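Next comes structure12.cif, with mmCIF, C-alpha atoms and all ligand atoms.
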data_work
#
loop_
_atom_site.label_atom_id
_atom_site.label_comp_id
_atom_site.auth_asym_id
_atom_site.auth_seq_id
_atom_site.Cartn_x
_atom_site.Cartn_y
_atom_site.Cartn_z
CA MET H 10 -60.42 64.11 262.01
CA PRO H 11 -63.65 65.17 260.21
CA ALA H 12 -63.00 66.99 256.89
CA ASP H 13 -64.61 70.17 258.28
CA LEU H 14 -61.97 70.43 260.99
CA PHE H 15 -58.98 70.74 258.63
CA PRO H 16 -59.66 74.32 257.47
CA PHE H 17 -60.61 75.26 261.03
CA VAL H 18 -57.39 73.95 262.58
CA ARG H 19 -55.24 75.49 259.81
CA SER H 20 -56.92 78.88 260.21
CA PHE H 21 -56.76 78.68 263.99
CA MET H 22 -53.02 78.00 263.86
CA LYS H 23 -52.52 80.99 261.53
CA SER H 24 -54.59 83.40 263.64
CA ALA H 25 -56.50 82.27 266.70
CA ARG H 26 -57.67 85.85 267.31
CA ALA H 27 -59.27 86.20 263.86
CA VAL H 28 -61.03 82.85 264.16
CA GLY H 29 -62.16 83.68 267.69
CA ALA H 30 -63.26 80.15 268.65
CA ILE H 31 -61.69 76.86 269.67
CA ALA H 32 -63.96 74.75 267.45
CA PRO H 33 -66.65 75.18 264.80
CA SER H 34 -70.08 75.88 266.27
CA GLY H 35 -72.20 72.87 267.12
CA ARG H 36 -75.55 71.92 265.66
CA GLN H 37 -77.52 73.28 268.63
CA LEU H 38 -76.09 76.77 268.19
CA ALA H 39 -76.64 76.55 264.42
CA ASP H 40 -80.28 75.60 265.03
CA VAL H 41 -80.83 78.52 267.43
CA ILE H 42 -79.14 81.24 265.37
CA THR H 43 -81.00 80.17 262.21
CA SER H 44 -84.34 79.49 263.94
CA GLU H 45 -86.02 82.56 262.39
CA ILE H 46 -84.55 82.01 258.93
CA SER H 47 -86.90 80.82 256.19
CA ARG H 48 -87.39 81.45 252.50
CA SER H 49 -89.49 84.51 253.36
CA VAL H 50 -86.44 86.38 254.68
CA ALA H 51 -84.20 85.44 251.74
CA PRO H 52 -81.77 86.50 250.51
CA VAL H 53 -79.51 86.23 253.56
CA ILE H 54 -75.95 87.40 254.24
CA GLU H 55 -73.70 85.32 256.48
CA LEU H 56 -70.62 86.96 258.01
CA GLY H 57 -67.69 84.79 259.08
CA PRO H 58 -69.15 81.44 257.98
CA GLY H 59 -65.94 79.51 258.72
CA THR H 60 -66.57 75.90 257.72
CA GLY H 61 -70.25 76.60 256.99
CA VAL H 62 -72.10 75.19 259.99
CA PHE H 63 -74.74 77.97 259.89
CA THR H 64 -74.84 77.85 256.08
CA ARG H 65 -75.77 74.17 256.22
CA ALA H 66 -78.48 74.89 258.79
CA MET H 67 -79.98 77.63 256.57
CA LEU H 68 -80.06 75.26 253.59
CA ASP H 69 -81.81 72.71 255.80
CA ARG H 70 -84.43 75.39 256.52
CA GLY H 71 -85.28 75.66 252.84
CA LEU H 72 -82.97 78.38 251.50
CA GLU H 73 -81.29 77.76 248.16
CA GLN H 74 -77.52 78.24 247.89
CA GLU H 75 -78.25 81.14 245.50
CA ASP H 76 -80.12 82.87 248.37
CA ILE H 77 -76.98 83.12 250.52
CA ALA H 78 -73.97 85.46 250.38
CA LEU H 79 -70.97 84.28 252.42
CA ILE H 80 -68.51 86.97 253.59
CA GLU H 81 -65.30 85.38 254.80
CA TYR H 82 -61.69 86.54 254.85
CA GLY H 83 -59.90 83.36 255.89
CA SER H 84 -58.46 81.89 252.68
CA ASP H 85 -58.60 78.29 253.92
CA PHE H 86 -62.25 78.73 254.85
CA VAL H 87 -63.03 80.34 251.48
CA ARG H 88 -61.56 77.40 249.57
CA HIS H 89 -63.54 74.98 251.74
CA LEU H 90 -66.78 76.94 251.25
CA GLN H 91 -66.29 77.10 247.46
CA ILE H 92 -66.17 73.30 247.35
CA ARG H 93 -68.96 72.72 249.85
CA PHE H 94 -71.42 75.41 248.65
CA PRO H 95 -70.45 76.20 245.04
CA ASN H 96 -73.64 78.10 244.20
CA THR H 97 -73.60 80.53 247.12
CA HIS H 98 -72.28 84.06 246.55
CA ILE H 99 -68.89 83.86 248.24
CA GLN H 100 -67.00 87.10 248.87
CA TRP H 101 -63.40 86.72 250.02
CA MET H 102 -63.19 89.97 251.94
CA ASP H 103 -63.17 91.73 255.28
CA ALA H 104 -66.73 92.15 256.58
CA GLY H 105 -65.83 95.75 257.36
CA TRP H 106 -66.11 96.50 253.62
CA LEU H 107 -69.69 95.28 253.38
CA SER H 108 -71.18 98.70 252.66
CA ARG H 109 -69.01 98.95 249.54
CA VAL H 110 -70.12 95.79 247.76
CA GLU H 111 -73.23 95.04 245.79
CA LEU H 112 -74.88 91.74 246.67
CA PHE H 113 -77.92 90.11 245.08
CA GLY H 114 -78.09 92.81 242.38
CA HIS H 115 -79.18 95.61 244.73
CA GLY H 116 -81.90 93.44 246.33
CA LYS H 117 -82.18 93.99 250.07
CA THR H 118 -81.68 91.12 252.49
CA GLY H 119 -84.03 90.05 255.29
CA ALA H 120 -81.35 88.77 257.66
CA VAL H 121 -77.65 88.87 258.41
CA VAL H 122 -76.30 85.89 260.36
CA SER H 123 -72.96 86.65 261.98
CA GLY H 124 -70.32 84.31 263.35
CA LEU H 125 -67.79 87.13 263.59
CA PRO H 126 -65.71 87.46 266.77
CA LEU H 127 -67.00 90.98 267.49
CA LEU H 128 -65.60 91.00 271.03
CA ALA H 129 -62.07 90.76 269.66
CA MET H 130 -62.59 93.76 267.37
CA PRO H 131 -62.10 97.46 268.09
CA PRO H 132 -65.33 99.52 268.43
CA LYS H 133 -64.83 101.34 265.13
CA LYS H 134 -64.57 98.06 263.30
CA VAL H 135 -67.75 96.78 264.94
CA MET H 136 -69.56 99.96 263.86
CA GLN H 137 -68.22 99.64 260.35
CA ILE H 138 -69.56 96.06 260.12
CA LEU H 139 -72.96 96.99 261.55
CA ASP H 140 -73.22 99.99 259.25
CA GLY H 141 -72.51 97.76 256.25
CA ALA H 142 -74.96 95.10 257.40
CA PHE H 143 -77.80 97.58 257.93
CA THR H 144 -77.08 99.13 254.54
CA HIS H 145 -78.02 95.77 253.01
CA LEU H 146 -80.91 94.95 255.36
CA ARG H 147 -84.41 95.91 254.36
CA PRO H 148 -86.69 97.69 256.88
CA GLY H 149 -87.50 95.20 259.63
CA GLY H 150 -84.47 93.09 258.71
CA VAL H 151 -82.57 91.41 261.56
CA PHE H 152 -78.88 90.96 262.39
CA TYR H 153 -78.24 87.73 264.33
CA GLN H 154 -75.07 87.43 266.41
CA PHE H 155 -73.83 84.76 268.79
CA THR H 156 -71.41 85.23 271.63
CA TYR H 157 -69.64 83.23 274.33
CA ALA H 158 -69.84 86.24 276.67
CA PRO H 159 -72.52 86.69 279.34
CA VAL H 160 -73.59 90.00 277.76
CA CYS H 161 -74.28 91.30 274.26
CA PRO H 162 -70.96 91.56 272.34
CA ILE H 163 -72.00 94.95 270.94
CA PRO H 164 -71.46 97.63 273.60
CA ARG H 165 -74.47 99.66 274.67
CA ALA H 166 -72.80 102.89 273.52
CA ILE H 167 -72.56 101.56 269.96
CA LEU H 168 -76.15 100.34 269.95
CA ASP H 169 -77.35 103.75 271.19
CA ARG H 170 -75.22 105.66 268.74
CA MET H 171 -76.43 103.59 265.79
CA GLY H 172 -80.08 103.50 266.82
CA LEU H 173 -80.10 99.74 267.34
CA LYS H 174 -81.65 97.44 269.91
CA ALA H 175 -80.26 94.03 270.93
CA THR H 176 -82.35 91.26 272.48
CA ARG H 177 -81.05 87.92 273.71
CA PHE H 178 -83.39 85.32 272.29
CA GLY H 179 -81.73 81.97 272.80
CA GLY H 180 -78.83 79.95 274.08
CA ALA H 181 -76.90 76.80 273.22
CA CYS H 182 -75.71 75.18 276.46
CA SER H 183 -74.21 72.14 274.77
CA ASN H 184 -72.04 74.23 272.48
CA LEU H 185 -68.30 74.28 273.13
CA PRO H 186 -68.13 76.77 274.80
CA PRO H 187 -71.80 77.53 275.64
CA ALA H 188 -73.14 80.45 273.61
CA ALA H 189 -75.97 82.98 273.55
CA VAL H 190 -77.70 84.40 270.49
CA TYR H 191 -78.80 88.03 270.05
CA ARG H 192 -81.25 89.61 267.64
CA ILE H 193 -80.25 93.15 266.65
CA ARG H 194 -82.77 95.48 265.03
CA ARG H 195 -83.17 99.11 264.18
CA ARG H 196 -85.05 101.03 266.85
CA PRO H 197 -88.27 102.48 265.43
CA ALA H 198 -87.17 106.08 265.96
CA GLY H 199 -83.46 105.52 265.50
CA MET H 200 -82.95 104.94 261.80
CA LEU H 201 -79.31 104.90 260.75
CA SER H 202 -78.41 107.99 258.76
CA ARG H 203 -75.90 107.58 255.94
CA ASN H 204 -75.01 111.25 256.39
CA GLY H 205 -74.95 111.38 260.17
CA PRO H 206 -72.04 111.23 262.58
CA VAL H 207 -71.95 107.44 262.59
CA ALA H 208 -71.60 107.27 258.81
CA ARG H 209 -68.82 109.86 258.88
CA LEU H 210 -66.96 108.03 261.62
CA VAL H 211 -67.31 104.68 259.85
CA ASP H 212 -66.28 106.09 256.46
CA GLY H 213 -63.06 107.28 258.06
CA VAL H 214 -62.03 103.80 259.18
CA ALA H 215 -59.62 101.83 257.02
CA GLY H 216 -60.55 98.21 256.32
C1 LIG J 1 -65.82 82.19 265.57
S1 LIG J 1 -65.45 81.73 263.87
C2 LIG J 1 -67.11 81.25 263.44
C3 LIG J 1 -67.17 80.31 262.28
C4 LIG J 1 -68.57 79.70 262.02
N1 LIG J 1 -69.57 80.72 261.82
C5 LIG J 1 -68.97 78.84 263.19
O1 LIG J 1 -69.82 79.28 263.98
O2 LIG J 1 -68.41 77.74 263.34
C6 LIG J 1 -65.24 83.37 263.16
C7 LIG J 1 -65.18 83.40 261.63
O3 LIG J 1 -65.16 84.78 261.22
C8 LIG J 1 -64.12 84.97 260.26
N2 LIG J 1 -63.73 86.39 260.36
C9 LIG J 1 -63.13 87.00 261.41
N3 LIG J 1 -62.98 88.31 261.18
C10 LIG J 1 -63.52 88.53 259.93
C11 LIG J 1 -63.69 89.70 259.13
N4 LIG J 1 -63.27 90.91 259.55
N5 LIG J 1 -64.28 89.58 257.93
C12 LIG J 1 -64.70 88.36 257.48
N6 LIG J 1 -64.57 87.23 258.19
C13 LIG J 1 -63.99 87.30 259.41
C14 LIG J 1 -63.06 83.97 260.65
O4 LIG J 1 -62.17 83.69 259.57
C15 LIG J 1 -63.92 82.78 261.04
O5 LIG J 1 -64.32 82.05 259.91
#
Output the structure of this file as structure tokens.
Ligand SMILES: C[S@@+](CC[C@H](N)C(=O)[O-])C[C@H]1O[C@@H](n2cnc3c(N)ncnc32)[C@H](O)[C@@H]1O
Amino acid sequence: MPADLFPFVRSFMKSARAVGAIAPSGRQLADVITSEISRSVAPVIELGPGTGVFTRAMLDRGLEQEDIALIEYGSDFVRHLQIRFPNTHIQWMDAGWLSRVELFGHGKTGAVVSGLPLLAMPPKKVMQILDGAFTHLRPGGVFYQFTYAPVCPIPRAILDRMGLKATRFGGACSNLPPAAVYRIRRRPAGMLSRNGPVARLVDGVAG
């Protein structure tokens, strides 16, 4: 069994729902979801990196480990990531707390790459994660999300409420299972308000 599979299998056996996949993503999906990542968008936040398949792909695209913050709450994955990518900024935490942490010394990020199983999460949790991500993203910054579903894993009502727009921009047919990748951006006239109803709703959600 490849070394990468050990933490995956251990985590899957502890909580299949939290892992949300039957195997780490394949190289094709990693290539698609990181296809717009380059040094010009650094630094980058990765949510739910698991064994680090997307992290590796971002390093192959020229990012330095220091350019990447990894947000992961599976302890087996965190230990694996610390060994594999010792100079990345690893945060052992729930991605729902993203708005409360400082990353890269207040510098804003150009992209968030997410491997989180959003479909398995309640709507308030999804909003909390998006709110945190867009707090760290600079204007024009992009949130990348993959899904095994035939539609965007973020419901239309949430996108509308948060002033976001999702566009499917690629697929990975050879992935197990096949996956699609979405680009999520702020709508030009729908900037997220930290004081608006979304912020109040999200602030009321426990991690
Ligand atoms: C579908 S796996 C994806 C792993 C990796 N990105 C890949 O594509 O192979 C989901 C990952 O998200 C992590 N995860 C799930 N919920 C999380 C949360 N609320 N906060 C942080 N990480 C979470 C899991 O531990 C797991 O590593």
*Expressed in Å to a single decimal, how great is the separation between CA of Ile77 (chain H) and CA of Ile167 (chain H)?*
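We find that CA of Ile77 (chain H) and CA of Ile167 (chain H) lie 27.2 Å from each other.
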_Please return as a PyMOL selection string the residues found within 7 Å of ligand LIG 1 (chain J), counting only C-alpha atoms and all ligand atoms._
chain H and resi 27-30+32-34+56-63+80-83+86+102-105+123-126
*Considering all atoms listed in the file, return as a VMD selection string whatever protein or nucleic-acid residues lie within 7 Å of Tyr157 (chain H), sequence-local ones (same chain, fewer than 5 positions apart) excluded.*
chain H and resid 186 to 189
Mind checking which residues fall within 7 Å of Ile193 (chain H), counting all atoms listed in the file, ignoring those fewer than 3 positions away in the same chain, and posting them as a compact mmCIF listing (two decimals) with C-alpha atoms, keeping the file's coordinate frame?
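Produced file selection.txt, reproduced below:
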# COMPACT_ATOMS: atom_id res chain seq x y z
CA VAL H 151 -82.57 91.41 261.56
CA PHE H 152 -78.88 90.96 262.39
CA TYR H 153 -78.24 87.73 264.33
CA LEU H 173 -80.10 99.74 267.34
CA LYS H 174 -81.65 97.44 269.91
CA ALA H 175 -80.26 94.03 270.93
CA THR H 176 -82.35 91.26 272.48
*Nearest residue to Gly150 (chain H) from the set H:Leu128, H:Val87, H:Ala120, H:Val190 (distances using all atoms listed in the file)*: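 Checking each of H:Leu128, H:Val87, H:Ala120, H:Val190 against Gly150 (chain H), counting all atoms listed in the file, the winner is H:Ala120.
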*Please write as number ranges by chain the list of polymer residues whose atoms come within 12 Å of (-56.4, 72.6, 257.0), counting only C-alpha atoms and keeping to the coordinates of the file.*
H: 10-23, 59-60, 83-89
*Tell me, in Å to one decimal, how far CA of Arg65 (chain H) is from CA of Pro159 (chain H).*
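Answer for the CA of Arg65 (chain H) to CA of Pro159 (chain H) separation: 26.5 Å.
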_What's the separation between CA of Leu72 (chain H) and CA of Thr156 (chain H), in Å to one decimal place?_
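Separation between CA of Leu72 (chain H) and CA of Thr156 (chain H): 24.2 Å.
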*Considering all atoms listed in the file, state which residue in the set H:Pro162, H:Gly141, H:Pro95, H:Gly180 is at the smallest distance from Gly35 (chain H).*
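Using all atoms listed in the file, Gly35 (chain H) sits closest to H:Gly180.
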With 9 Å as the threshold, what does the neighbourhood of (-87.2, 78.8, 252.6) contain in terms of residues, counting only C-alpha atoms? Coordinates are those of the file; answer as a PDB file with C-alpha atoms, in the coordinates of the input.
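In the end it all went to out21.pdb:
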ATOM      1  CA  ILE H  46     -84.550  82.010 258.930  1.00  0.00           C
ATOM      2  CA  SER H  47     -86.900  80.820 256.190  1.00  0.00           C
ATOM      3  CA  ARG H  48     -87.390  81.450 252.500  1.00  0.00           C
ATOM      4  CA  SER H  49     -89.490  84.510 253.360  1.00  0.00           C
ATOM      5  CA  VAL H  50     -86.440  86.380 254.680  1.00  0.00           C
ATOM      6  CA  ALA H  51     -84.200  85.440 251.740  1.00  0.00           C
ATOM      7  CA  MET H  67     -79.980  77.630 256.570  1.00  0.00           C
ATOM      8  CA  LEU H  68     -80.060  75.260 253.590  1.00  0.00           C
ATOM      9  CA  ASP H  69     -81.810  72.710 255.800  1.00  0.00           C
ATOM     10  CA  ARG H  70     -84.430  75.390 256.520  1.00  0.00           C
ATOM     11  CA  GLY H  71     -85.280  75.660 252.840  1.00  0.00           C
ATOM     12  CA  LEU H  72     -82.970  78.380 251.500  1.00  0.00           C
ATOM     13  CA  GLU H  73     -81.290  77.760 248.160  1.00  0.00           C
TER      14      GLU H  73
END
*asked:* Calculated over all atoms listed in the file, which of the candidates H:Ala142, H:Arg170, H:Cys182, H:Asp40 has the smallest distance to Arg196 (chain H)?
replied: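 Distance minimum relative to Arg196 (chain H) lands on H:Arg170.
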*Leaving out Trp106 (chain H) and any residue of its chain fewer than 4 positions from it, which residues lie within 12 Å of it when counting all atoms listed in the file, given as a ChimeraX atom specification?*
/H:56,80-82,100-102,110-111,134-142,144-145,211-212,214-216
*With distances taken over all atoms listed in the file, which of H:Phe143, H:Ala66, H:Val160, H:Asn184 is nearest to Glu45 (chain H)?*
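Among the listed residues, H:Ala66 lies closest to Glu45 (chain H).
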*asked:* I'd like the neighbourhood of Glu55 (chain H) as a list in words, where a residue qualifies if any of its atoms comes within 6 Å (using only C-alpha atoms), though same-chain residues fewer than 2 positions away should be ignored.
replied: Leu79, Val121, Val122 and Ser123 of chain H
_Polymer residues at most 10 Å from region 113-116 of chain H, only C-alpha atoms, same-chain spacing of 6 or more positions, as number ranges by chain_ = H: 51-54, 75-78, 98, 145-147
